[in-house]
Amino acid sequence: MASNQLVKNDYVKTSLRAYFLQNGFNYGNYQGLGYANVMYPALRKMYKDDDDKLQAALKDNIEFFNTNMHFLPFITSLHLVMLENKTPAKEIRNIKMALMGPLAGIGDSLAQFCLAPLFATIGASLAQEGLIMGPILFFVAMNAILLAVKLLTGIWGYKLGTNIIETLSARMEQISNVASMIGVTVISGLAVNFVKITTPIQYVASMPGDQQKVVAIQEMIDAIAPRLLPVLFTGLIFYLIKVKKWTTYKLVILTIILGVVLSVLHLIA
Amino acid sequence: MASNQLVKNDYVKTSLRAYFLQNGFNYGNYQGLGYANVMYPALRKMYKDDDDKLQAALKDNIEFFNTNMHFLPFITSLHLVMLENKTPAKEIRNIKMALMGPLAGIGDSLAQFCLAPLFATIGASLAQEGLIMGPILFFVAMNAILLAVKLLTGIWGYKLGTNIIETLSARMEQISNVASMIGVTVISGLAVNFVKITTPIQYVASMPGDQQKVVAIQEMIDAIAPRLLPVLFTGLIFYLIKVKKWTTYKLVILTIILGVVLSVLHLIA
Amino acid sequence: MASNQLVKNDYVKTSLRAYFLQNGFNYGNYQGLGYANVMYPALRKMYKDDDDKLQAALKDNIEFFNTNMHFLPFITSLHLVMLENKTPAKEIRNIKMALMGPLAGIGDSLAQFCLAPLFATIGASLAQEGLIMGPILFFVAMNAILLAVKLLTGIWGYKLGTNIIETLSARMEQISNVASMIGVTVISGLAVNFVKITTPIQYVASMPGDQQKVVAIQEMIDAIAPRLLPVLFTGLIFYLIKVKKWTTYKLVILTIILGVVLSVLHLIA
Amino acid sequence: MTISIFQCVLIGLWTAFCLAGMLFGIYTNRCLVMAAGVGLILGDLPTGLAMGAVGELAFMGFGVSQGGSVPPNPMGPGIVGTIIAITMKGSGIDVGSALALSFPFAVAFQFVITATYTFATTLTSYAYKALDRKNFKGFRIAANATVCIFAVVGFVIGFGGAFSSEGLQKVISLIPAWLSEGLGVAGKMLPAIGFAMILNVMAKKELIPFVLIGYIAIAYLNLPTMGVAVVGTAIALLVFFHMGKGGSETVEEVEVEFEDGI
Amino acid sequence: MTISIFQCVLIGLWTAFCLAGMLFGIYTNRCLVMAAGVGLILGDLPTGLAMGAVGELAFMGFGVSQGGSVPPNPMGPGIVGTIIAITMKGSGIDVGSALALSFPFAVAFQFVITATYTFATTLTSYAYKALDRKNFKGFRIAANATVCIFAVVGFVIGFGGAFSSEGLQKVISLIPAWLSEGLGVAGKMLPAIGFAMILNVMAKKELIPFVLIGYIAIAYLNLPTMGVAVVGTAIALLVFFHMGKGGSETVEEVEVEFEDGI
Amino acid sequence: MTISIFQCVLIGLWTAFCLAGMLFGIYTNRCLVMAAGVGLILGDLPTGLAMGAVGELAFMGFGVSQGGSVPPNPMGPGIVGTIIAITMKGSGIDVGSALALSFPFAVAFQFVITATYTFATTLTSYAYKALDRKNFKGFRIAANATVCIFAVVGFVIGFGGAFSSEGLQKVISLIPAWLSEGLGVAGKMLPAIGFAMILNVMAKKELIPFVLIGYIAIAYLNLPTMGVAVVGTAIALLVFFHMGKGGSETVEEVEVEFEDGI
Ligand SMILES: OC[C@H]1O[C@H](O)[C@@H](O)[C@@H](O)[C@@H]1O
Ligand SMILES: OC[C@H]1O[C@H](O)[C@@H](O)[C@@H](O)[C@@H]1O
Ligand SMILES: OC[C@H]1O[C@H](O)[C@@H](O)[C@@H](O)[C@@H]1O
């Protein structure tokens, strides 16, 4: 009779199942179904002969869950270690919930705000030169790195065991703060870089001696601050989202109307 | 009989009277006379039938006062709100005095160290190209912004009322610190930018094979640090002011003599 | 009979003797012999008629000592002041030992990580143009500044006397921290600047319409991060030193083998 | 240019794969990737790549789904936009205009996905019921249902987009020059929404300095993306290591103050 | 070139307005503004603008009056300097030399203003007395007296400067080339005084990093003024949000004050 | 080219002076200085300067001895390398190859110096014994012995290097092109060791931000060395003044964690 003791391989397998975390995503319990499903084979092995326990364990873990999938293995590994150590269910739940938020922050910052923009920028510039390498590099680099993240965090959680967990969540919080500082820096930079608004308005100033001089408003704006118009427009959108609680739909419509009207009036280009 | 209750309009009017704050400036009580004068119409309305109270109020407020005029309305509005709420005179005075310093810091940093240099630089560069827009832009931009500051701070003070005043003055201190950090950054930058000293000294180095090479001292200085001479000279002046307590007159004379003598000796240009 | 009271000149002389601090350097007591020797003339004068005391003083000071020689005069001056004030030997020793570490940090950062790289870079660039001024400037500038440091710290220690010594060592610790922040910044910058590794690998991408395009790997690396290879290599070496405790010999051999092999394979250039 | 039924099916399958990949987190749901595939299938890789590049940059800010939020979907430019760009190359539609024209689709797809997530909430009770009956297979079906729906949705979008491309071309060729130019201008403004959305999720007032640093790095110092990230990292670590307690204790209260934000 | 009596009056009125504007805080007392007006009045706007630009940059550091301090007054270059530059354009005096020649005036005017402020201290006791008699009108006259004196002083300076311009020209044409060149060199050094004065008022040692940052921003990164301000703001806010109030001892208090946030 | 015996002696003396100067802290033990001297002595200053420049930059990271550590010695390129470069100029050896060829010597000299310091430990007991006998002169001899040994060692190295230059040339001319090219490549990688050694001594994890700042300053902003130092100073002072206790409290823990470092 095969053992119901988990071996390292079970941890790795569960880590890789993070890819399935969002397969049942919904607005009720978010990644809850997925979480239970990711854990399923390991739980099945632990409670090999005990359908009641498996049922209970799955039901417990269907509850609301939401984190960044690439850092999920850290949580699942800890979870399994604790189960094997017979940690009380309530404690496990606490830790799962405590880590979920910070890891979402860390993971989203890393994957979506740092790695993706970085490789997308490089990939796009290669694609712009007509090289198929562009999308390939993007796809391969992202997946290679994120696969590594999954495996490393999974193994790290496995090795870490339970002993230092208490200090962990505070630490994660701090690291998450750092990650969001970096993320905000990058996103702000990208916003400035990719939102493009300039004005073609010019006027002709008459100078002494019947000379004339063309004065471009855009140049004066640049003298005040480079890329001022994109910044102001992004600020406006931000305000509409934050304070006026506009939906994306309204924002897109506003932007398109503004763009078309101002372009027709030759106020922006 | 008209009410002696102040309405919003009285606050706005008093805010605009900030323009008169320095009309009686003197080295005795600085803006003391001005402050009383700015408050005059509002006080007149409050003590409509009571010349004694008006007299007392004015006398109280002639005392020493000094702040940045553009942020004054914040103080006058709070002052009026408190008067209407029958806040004890001593308390009003405390708040007036507590806010005066930090607001001077904030206002001077904003107006004199950030806005003025910014628009003066842009205006001067337009003027240099022969465009009358230069001085006009400078004048209009400065006054539009500073008028807005007066109205906004005035209305803010009015809305804020008295309830959170205690925490305010500490807060102002902090903001004032931030403002002076920004101010010092800008001023240092401007100093480096606008003080101009270079040396034309060169010497001819003989090289192997009877070749010769002109070595410009200025280039070596630049290699050590760009704009080193202006920085050193500004540092010297700073030292003379700070440690030796020199007056402006002495400094101007020193600079002119230095400039003329070193220029005649072809040591600087 | 000449006084055995020290005069200012004795302090200056002892300060200048800092040049001899490392004349007896060894891996037993480092600058211990040197320290005693630097102090010798002053001690001789103090204990003019008392060989026993001189003997004891010298023996005491042969013990382990290690600091940056240019900042040594600060310690020797304090030492002498304290001796004259009859400070208990134990206390003197404490202060000597407490200052030794931070001053090593400050001095090494200043001399070796800031001044030397600065003037060496300038000197080398002049030398590269064939100007003998290069080495001369380097030598004169370094020695002039470091001589000034010796004299100033010596005089400062003399003036400071003993009264504020207690707070000093904490301060020195802080200043040393600041110095190492600056030092690390400069050294990291220099590493990035002076370690040079690039790859000549190229491949030919076929494009639509039978066109071909040469894609240089180095350009793609630069797009990810400039000077990435030198940074990675320096990181590798750092790891080998820190974690694997490799000696310099092994590192040099590894580097030479790597360089030769990869160059032969045309992987780096 | 017309699209064969075989190509329509291929595009449908490709879109199904890419959209499902969004849930798998494998970054196929990006304009850069999708457009290249469509280009290959339609035999015009260069236009596919060009469209992918332009759309990727414009949707950079939208390429983010955080905390369950659903941004406009890159299938807009990546699938529909690329079809437009390739089939109408001869009629004066360049990738810029195709991008602008595809925006309404991106928003429409966003609707569809939001609807899917909402509808999928029923899966939970289904799963509970299956577990009650110890029907573990049923539970696993529920746990994988969303991704299956996505594959179907993706196929429909891809196939439909390709199949109706002729009708699409007719409609689009009616668009006057001033409008398509205006749409182009609007297209370059649209990324602002994506970035503002992210900043809205992340922004606490303590992060304002980092917003400014990002601005400086790009607008004044012209750093590349990676450079901005390195600068951000340096300063974030500076705060982390050297502001010690100040920093970490602040955090909790920050969360509280989050509501009133910047 | 000679100046008509009518122009002299106009320049007097303009100067009166500009100087009074210093107290009103409307930024008319700037070289850029004053020189343009003088240029208009004398019918040579281009020279007025050129002089305004050069003088404005040189007096950038002086354009500040803080805590009641009185810097050299821009009427020097803005009024007198511009008159010199315009009337002596033919005699080899360019705006650079005119700037240098006007410095003594700038300092002299600083004297006059300081004297006015000192003399105006008598207004206070006058106001008190008026109030004692409930003579509110008297109080209000006192409260507006300084600005009236300024208007008169401004008129005298402007009118006088214009009226005596011929004498001025004679004196100036006696100045040898080496001297006027030397004065030009000195002119470019003079702003140091203004900046050092401001730094002296503001500087605590805690602000040294910001002095360095300003230096880096200009000398190494060549940022424009606004860029320097943005960098300064970013770092100041970083300190504000993440380091508490500053100074070593204040950290504890920071913890306490944190509740009320920004 | 051959070297006269007189030149050999001169090079020996020069090397003795330069190496002793390492202990005196007068910065003669730098490639830039030593190579120039050798160039002068051999009558080929230009090559001496070129070699000095190249070697100085390569050994920048080694130009440091901290806490008693002994880095590869610049006498390698400065003395031996320069001799090679000058004498073999005609045989296709440029300063780059000479640099690479001199590395083994630099490491060998490092051995010799380490050995000297180790051997010199015996001086301490000698000094104690001398003091026991109140033989102060003996004490002083001990206290100056290391520098004397260095002078001798320096002379031997300089003289020997010059004297054996012909044999050296023969050996070197046997080196194939691919190897000398490879050595050149390795030469440009070697500074990494020096820098990593310094960073190892200094680095605590709290300093990581400064490592990044150094990287940014050079790799992205192309600042000169002095600029990097100014940036570092600005930020270090910012930490010093504005993070107060946060900073200093960390420090203690830092000391503890120092062992495991980054
Ligand atoms: O924010 C955490 C997490 O939330 C949701 O599950 C999705 O938006 C994910 O993309 C994201 O990683
Ligand atoms: O510093 C506050 C205030 O002081 C004085 O009143 C004047 O110098 C004003 O310009 C300044 O705003
Ligand atoms: O680190 C202090 C000190 O240690 C040793 O004595 C030597 O390496 C010196 O160069 C260094 O200054």
# chains A, B, ... in the order shown; residues from 1 in each chain; ligands from 1

call {"tool": "calpha_fit_and_write", "arguments": {"fixed": "chain A", "moving": "chain C", "output": "CSV table (one decimal) with C-alpha atoms, in the first residue's frame"}}
result
chain,number,residue,atom,x,y,z
C,1,MET,CA,0.0,0.1,0.2
C,2,ALA,CA,1.5,3.4,-1.0
C,3,SER,CA,2.4,6.0,1.7
C,4,ASN,CA,0.2,9.0,2.2
C,5,GLN,CA,3.2,10.9,3.3
C,6,LEU,CA,3.9,13.8,0.8
C,7,VAL,CA,7.3,13.8,-0.9
C,8,LYS,CA,9.2,16.7,-2.4
C,9,ASN,CA,7.7,15.8,-5.8
C,10,ASP,CA,4.2,16.4,-4.5
C,11,TYR,CA,5.2,19.9,-3.6
C,12,VAL,CA,6.7,20.6,-7.0
C,13,LYS,CA,3.6,19.2,-8.6
C,14,THR,CA,1.3,21.4,-6.5
C,15,SER,CA,3.5,24.3,-7.4
C,16,LEU,CA,3.1,23.7,-11.1
C,17,ARG,CA,-0.7,23.4,-10.7
C,18,ALA,CA,-0.7,27.1,-9.9
C,19,TYR,CA,-1.3,27.4,-13.7
C,20,PHE,CA,-4.8,26.2,-13.0
C,21,LEU,CA,-5.5,28.6,-10.2
C,22,GLN,CA,-7.8,30.8,-12.3
C,23,ASN,CA,-9.5,28.1,-14.3
C,24,GLY,CA,-12.6,28.6,-12.2
C,25,PHE,CA,-12.3,32.3,-11.7
C,26,ASN,CA,-15.6,34.0,-10.9
C,27,TYR,CA,-16.8,37.1,-9.1
C,28,GLY,CA,-18.1,35.0,-6.2
C,29,ASN,CA,-15.1,33.5,-4.6
C,30,TYR,CA,-12.5,34.7,-7.1
C,31,GLN,CA,-9.8,32.0,-7.1
C,32,GLY,CA,-11.4,30.0,-4.4
C,33,LEU,CA,-12.5,27.1,-6.6
C,34,GLY,CA,-9.1,27.2,-8.3
C,35,TYR,CA,-7.2,27.1,-4.9
C,36,ALA,CA,-9.1,23.9,-3.9
C,37,ASN,CA,-8.4,22.4,-7.3
C,38,VAL,CA,-4.7,23.2,-7.1
C,39,MET,CA,-4.5,21.5,-3.8
C,40,TYR,CA,-6.6,18.5,-4.9
C,41,PRO,CA,-4.0,15.9,-5.8
C,42,ALA,CA,-1.9,16.5,-2.8
C,43,LEU,CA,-5.0,16.4,-0.5
C,44,ARG,CA,-6.2,13.3,-2.3
C,45,LYS,CA,-2.8,11.6,-1.4
C,46,MET,CA,-2.9,12.8,2.2
C,47,TYR,CA,-6.4,11.6,2.8
C,48,LYS,CA,-6.1,8.6,0.6
C,49,ASP,CA,-8.6,6.4,2.3
C,50,ASP,CA,-10.7,9.1,3.8
C,51,ASP,CA,-13.2,10.7,1.5
C,52,ASP,CA,-14.8,12.6,4.4
C,53,LYS,CA,-11.6,14.4,5.3
C,54,LEU,CA,-10.9,15.2,1.6
C,55,GLN,CA,-14.5,16.5,1.2
C,56,ALA,CA,-14.1,18.7,4.3
C,57,ALA,CA,-10.7,20.0,3.2
C,58,LEU,CA,-11.9,20.9,-0.3
C,59,LYS,CA,-15.0,22.7,1.1
C,60,ASP,CA,-12.8,24.6,3.5
C,61,ASN,CA,-10.7,25.9,0.7
C,62,ILE,CA,-13.3,26.8,-1.8
C,63,GLU,CA,-13.8,30.0,0.2
C,64,PHE,CA,-12.8,33.4,-1.3
C,65,PHE,CA,-9.2,33.5,-2.3
C,66,ASN,CA,-7.3,35.9,-4.5
C,67,THR,CA,-3.6,36.4,-5.0
C,68,ASN,CA,-1.0,36.5,-7.8
C,69,MET,CA,-0.8,33.1,-9.3
C,70,HIS,CA,2.9,33.1,-9.8
C,71,PHE,CA,3.6,33.5,-6.1
C,72,LEU,CA,0.8,31.1,-5.1
C,73,PRO,CA,3.2,28.1,-4.7
C,74,PHE,CA,4.7,29.7,-1.6
C,75,ILE,CA,1.3,29.6,0.1
C,76,THR,CA,0.4,26.1,-1.1
C,77,SER,CA,3.7,24.7,0.0
C,78,LEU,CA,3.4,26.2,3.5
C,79,HIS,CA,-0.2,24.9,3.6
C,80,LEU,CA,0.9,21.4,2.9
C,81,VAL,CA,3.8,21.5,5.4
C,82,MET,CA,1.4,22.7,8.0
C,83,LEU,CA,-1.1,20.1,7.2
C,84,GLU,CA,1.5,17.4,7.6
C,85,ASN,CA,2.6,19.0,10.9
C,86,LYS,CA,-1.0,18.8,12.1
C,87,THR,CA,-1.2,22.6,12.5
C,88,PRO,CA,-4.8,23.5,13.6
C,89,ALA,CA,-7.0,24.4,10.7
C,90,LYS,CA,-7.7,27.9,12.0
C,91,GLU,CA,-4.0,28.7,12.1
C,92,ILE,CA,-3.5,27.5,8.6
C,93,ARG,CA,-6.4,29.6,7.4
C,94,ASN,CA,-4.9,32.7,9.1
C,95,ILE,CA,-1.6,32.3,7.4
C,96,LYS,CA,-3.2,31.6,4.1
C,97,MET,CA,-5.3,34.8,4.3
C,98,ALA,CA,-2.4,36.9,5.7
C,99,LEU,CA,-0.1,36.0,2.9
C,100,MET,CA,-2.6,36.3,0.1
C,101,GLY,CA,-2.7,40.1,0.0
C,102,PRO,CA,1.0,40.9,0.2
C,103,LEU,CA,1.8,38.2,-2.3
C,104,ALA,CA,-0.8,39.7,-4.7
C,105,GLY,CA,1.0,43.0,-4.3
C,106,ILE,CA,4.5,41.6,-4.8
C,107,GLY,CA,3.5,39.4,-7.7
C,108,ASP,CA,1.4,41.9,-9.6
C,109,SER,CA,4.1,44.5,-9.2
C,110,LEU,CA,6.8,42.1,-10.4
C,111,ALA,CA,4.9,40.4,-13.2
C,112,GLN,CA,2.6,43.1,-14.5
C,113,PHE,CA,4.3,46.3,-13.7
C,114,CYS,CA,8.0,45.4,-14.2
C,115,LEU,CA,8.6,42.2,-16.2
C,116,ALA,CA,5.7,42.6,-18.7
C,117,PRO,CA,6.3,46.3,-19.5
C,118,LEU,CA,10.0,45.6,-19.8
C,119,PHE,CA,9.8,42.7,-22.2
C,120,ALA,CA,6.8,44.1,-24.0
C,121,THR,CA,8.8,47.3,-24.8
C,122,ILE,CA,11.7,45.3,-26.1
C,123,GLY,CA,9.5,42.9,-27.9
C,124,ALA,CA,7.5,45.7,-29.5
C,125,SER,CA,10.6,47.5,-30.7
C,126,LEU,CA,11.9,44.3,-32.3
C,127,ALA,CA,8.5,43.7,-33.9
C,128,GLN,CA,8.5,47.2,-35.2
C,129,GLU,CA,11.6,46.3,-37.1
C,130,GLY,CA,9.8,43.4,-38.6
C,131,LEU,CA,11.4,40.7,-36.5
C,132,ILE,CA,9.3,37.7,-35.3
C,133,MET,CA,11.8,37.5,-32.5
C,134,GLY,CA,9.9,40.3,-30.8
C,135,PRO,CA,6.8,38.3,-29.8
C,136,ILE,CA,8.8,35.2,-29.3
C,137,LEU,CA,11.3,36.8,-26.9
C,138,PHE,CA,8.4,38.4,-25.0
C,139,PHE,CA,6.6,35.1,-24.6
C,140,VAL,CA,9.6,32.9,-23.8
C,141,ALA,CA,11.1,35.4,-21.4
C,142,MET,CA,7.9,36.0,-19.4
C,143,ASN,CA,7.1,32.3,-19.1
C,144,ALA,CA,10.6,31.2,-18.3
C,145,ILE,CA,10.9,33.8,-15.5
C,146,LEU,CA,7.4,33.2,-14.1
C,147,LEU,CA,7.9,29.4,-14.2
C,148,ALA,CA,11.1,29.9,-12.2
C,149,VAL,CA,9.2,32.1,-9.8
C,150,LYS,CA,6.6,29.4,-9.3
C,151,LEU,CA,9.2,26.7,-8.7
C,152,LEU,CA,11.4,28.8,-6.4
C,153,THR,CA,8.6,30.1,-4.3
C,154,GLY,CA,7.2,26.6,-4.0
C,155,ILE,CA,10.5,25.1,-2.9
C,156,TRP,CA,11.2,28.0,-0.6
C,157,GLY,CA,7.8,27.6,1.1
C,158,TYR,CA,8.6,23.8,1.5
C,159,LYS,CA,12.0,24.4,3.0
C,160,LEU,CA,10.9,27.2,5.2
C,161,GLY,CA,8.4,25.0,7.0
C,162,THR,CA,6.4,26.5,9.7
C,163,ASN,CA,8.9,27.8,12.2
C,164,ILE,CA,9.3,31.3,11.1
C,165,ILE,CA,5.8,31.9,9.7
C,166,GLU,CA,4.8,34.4,12.3
C,167,THR,CA,7.3,37.0,11.3
C,168,LEU,CA,6.7,36.2,7.7
C,169,SER,CA,3.5,38.0,7.1
C,170,ALA,CA,4.8,41.3,8.5
C,171,ARG,CA,7.8,40.9,6.3
C,172,MET,CA,5.7,40.2,3.3
C,173,GLU,CA,3.7,43.4,4.0
C,174,GLN,CA,7.0,45.3,3.9
C,175,ILE,CA,8.2,43.6,0.8
C,176,SER,CA,4.8,44.3,-0.8
C,177,ASN,CA,5.3,48.0,0.1
C,178,VAL,CA,8.6,48.0,-1.6
C,179,ALA,CA,7.1,46.2,-4.6
C,180,SER,CA,4.4,48.8,-5.0
C,181,MET,CA,6.8,51.6,-4.7
C,182,ILE,CA,8.7,50.1,-7.7
C,183,GLY,CA,5.5,49.4,-9.5
C,184,VAL,CA,4.2,52.9,-9.2
C,185,THR,CA,7.5,54.3,-10.4
C,186,VAL,CA,7.5,52.1,-13.5
C,187,ILE,CA,3.8,52.6,-14.2
C,188,SER,CA,4.1,56.4,-13.9
C,189,GLY,CA,7.0,56.4,-16.2
C,190,LEU,CA,5.2,54.2,-18.7
C,191,ALA,CA,2.2,56.5,-18.6
C,192,VAL,CA,4.4,59.5,-19.3
C,193,ASN,CA,6.0,57.5,-22.1
C,194,PHE,CA,3.0,56.1,-23.9
C,195,VAL,CA,0.2,58.6,-23.5
C,196,LYS,CA,0.8,61.0,-26.4
C,197,ILE,CA,-0.8,64.4,-26.7
C,198,THR,CA,0.6,67.4,-28.4
C,199,THR,CA,-0.9,70.6,-29.7
C,200,PRO,CA,-0.2,72.0,-33.2
C,201,ILE,CA,-1.3,75.5,-32.3
C,202,GLN,CA,1.0,78.2,-33.5
C,203,TYR,CA,0.7,81.9,-33.8
C,204,VAL,CA,2.6,84.5,-35.7
C,205,ALA,CA,4.3,87.2,-33.7
C,206,SER,CA,5.2,90.4,-35.4
C,207,MET,CA,8.7,91.5,-34.6
C,208,PRO,CA,10.3,94.9,-35.0
C,209,GLY,CA,11.3,95.7,-38.6
C,210,ASP,CA,8.3,93.9,-40.2
C,211,GLN,CA,9.8,90.6,-39.4
C,212,GLN,CA,7.6,87.7,-38.3
C,213,LYS,CA,8.2,84.8,-36.0
C,214,VAL,CA,6.2,81.6,-35.7
C,215,VAL,CA,5.6,80.7,-32.1
C,216,ALA,CA,4.6,77.1,-31.3
C,217,ILE,CA,2.5,76.7,-28.2
C,218,GLN,CA,3.9,73.2,-27.8
C,219,GLU,CA,7.4,74.6,-27.4
C,220,MET,CA,6.2,76.9,-24.6
C,221,ILE,CA,4.5,74.0,-22.9
C,222,ASP,CA,7.6,71.9,-23.2
C,223,ALA,CA,9.5,74.8,-21.6
C,224,ILE,CA,7.2,74.6,-18.6
C,225,ALA,CA,7.4,70.9,-18.3
C,226,PRO,CA,8.1,68.1,-20.9
C,227,ARG,CA,5.0,66.0,-21.7
C,228,LEU,CA,2.8,68.2,-19.7
C,229,LEU,CA,-0.4,67.5,-21.7
C,230,PRO,CA,-0.2,63.7,-21.3
C,231,VAL,CA,0.4,64.2,-17.6
C,232,LEU,CA,-2.5,66.6,-17.2
C,233,PHE,CA,-4.8,64.3,-19.2
C,234,THR,CA,-3.8,61.2,-17.2
C,235,GLY,CA,-4.3,63.3,-14.0
C,236,LEU,CA,-7.8,64.2,-15.2
C,237,ILE,CA,-8.7,60.5,-15.9
C,238,PHE,CA,-7.3,59.6,-12.5
C,239,TYR,CA,-9.5,62.2,-10.9
C,240,LEU,CA,-12.5,60.9,-12.7
C,241,ILE,CA,-11.9,57.4,-11.6
C,242,LYS,CA,-10.9,58.2,-8.0
C,243,VAL,CA,-13.3,61.0,-7.1
C,244,LYS,CA,-16.1,60.8,-9.6
C,245,LYS,CA,-16.0,57.0,-9.7
C,246,TRP,CA,-16.4,56.9,-13.5
C,247,THR,CA,-16.5,53.5,-15.2
C,248,THR,CA,-14.1,52.4,-17.9
C,249,TYR,CA,-16.9,52.7,-20.5
C,250,LYS,CA,-17.6,56.3,-19.7
C,251,LEU,CA,-13.8,57.1,-19.7
C,252,VAL,CA,-13.3,55.4,-23.1
C,253,ILE,CA,-16.2,57.3,-24.6
C,254,LEU,CA,-15.0,60.6,-23.2
C,255,THR,CA,-11.5,60.1,-24.5
C,256,ILE,CA,-12.7,59.2,-27.9
C,257,ILE,CA,-15.0,62.2,-28.1
C,258,LEU,CA,-12.3,64.5,-26.8
C,259,GLY,CA,-9.8,63.1,-29.2
C,260,VAL,CA,-12.0,63.4,-32.2
C,261,VAL,CA,-13.4,66.8,-31.4
C,262,LEU,CA,-10.1,68.4,-30.5
C,263,SER,CA,-8.4,66.8,-33.5
C,264,VAL,CA,-11.1,68.2,-35.8
C,265,LEU,CA,-10.6,71.6,-34.2
C,266,HIS,CA,-6.9,71.3,-34.7
C,267,LEU,CA,-6.3,71.9,-31.1
C,268,ILE,CA,-4.4,68.6,-30.5
C,269,ALA,CA,-2.6,66.2,-32.8

call {"tool": "select_by_dssp", "arguments": {"residues": "stretch 145-242 of chain B", "states": "helix (DSSP H, G or I)", "output": "VMD selection string"}}
result
chain B and resid 145 to 160 165 to 194 208 to 210 217 to 224 228 to 242

call {"tool": "atom_distance", "arguments": {"atom1": "atom CA of E:His242", "atom2": "atom CA of F:Phe210"}}
result
17.8 Å

call {"tool": "interface_residues", "arguments": {"of": "chain D", "to": "chain F", "cutoff": "9 Å", "atoms": "only C-alpha atoms", "output": "PyMOL selection string"}}
result
chain D and resi 221+223-224+227+230-231+233-238+240-247

call {"tool": "atom_distance", "arguments": {"atom1": "atom CA of F:Ser102", "atom2": "atom CA of F:Leu190"}}
result
12.0 Å

call {"tool": "select_by_dssp", "arguments": {"residues": "stretch 91-266 of chain C", "states": "strand (DSSP E or B)", "output": "NGL selection string"}}
result
:C and (202-207 or 211-216)

call {"tool": "write_last_selection", "arguments": {"atoms": "N, CA and C atoms", "output": "short mmCIF file (atom, residue, chain, number, x, y, z; two decimals), in the first residue's frame"}}
result
data_model
loop_
_atom_site.label_atom_id
_atom_site.label_comp_id
_atom_site.auth_asym_id
_atom_site.auth_seq_id
_atom_site.Cartn_x
_atom_site.Cartn_y
_atom_site.Cartn_z
N GLN C 202 26.27 37.42 -33.32
CA GLN C 202 25.24 37.98 -34.18
C GLN C 202 24.52 36.83 -34.86
N TYR C 203 23.30 37.03 -35.24
CA TYR C 203 22.71 36.02 -36.10
C TYR C 203 21.91 36.73 -37.18
N VAL C 204 21.70 36.00 -38.27
CA VAL C 204 21.04 36.61 -39.41
C VAL C 204 19.59 36.15 -39.43
N ALA C 205 18.67 37.10 -39.34
CA ALA C 205 17.26 36.76 -39.37
C ALA C 205 16.75 36.94 -40.79
N SER C 206 16.02 35.94 -41.27
CA SER C 206 15.44 36.14 -42.60
C SER C 206 14.14 36.90 -42.45
N MET C 207 13.93 37.81 -43.35
CA MET C 207 12.77 38.69 -43.28
C MET C 207 11.89 38.39 -44.49
N GLN C 211 14.59 39.26 -47.71
CA GLN C 211 15.56 40.19 -47.11
C GLN C 211 16.23 39.52 -45.92
N GLN C 212 17.35 40.05 -45.52
CA GLN C 212 18.01 39.53 -44.33
C GLN C 212 18.37 40.67 -43.39
N LYS C 213 18.45 40.33 -42.14
CA LYS C 213 18.72 41.37 -41.15
C LYS C 213 19.69 40.81 -40.12
N VAL C 214 20.76 41.54 -39.84
CA VAL C 214 21.72 41.06 -38.85
C VAL C 214 21.26 41.53 -37.47
N VAL C 215 21.10 40.58 -36.58
CA VAL C 215 20.68 40.92 -35.23
C VAL C 215 21.84 40.69 -34.28
N ALA C 216 22.29 41.78 -33.61
CA ALA C 216 23.41 41.66 -32.68
C ALA C 216 22.86 41.38 -31.28
#
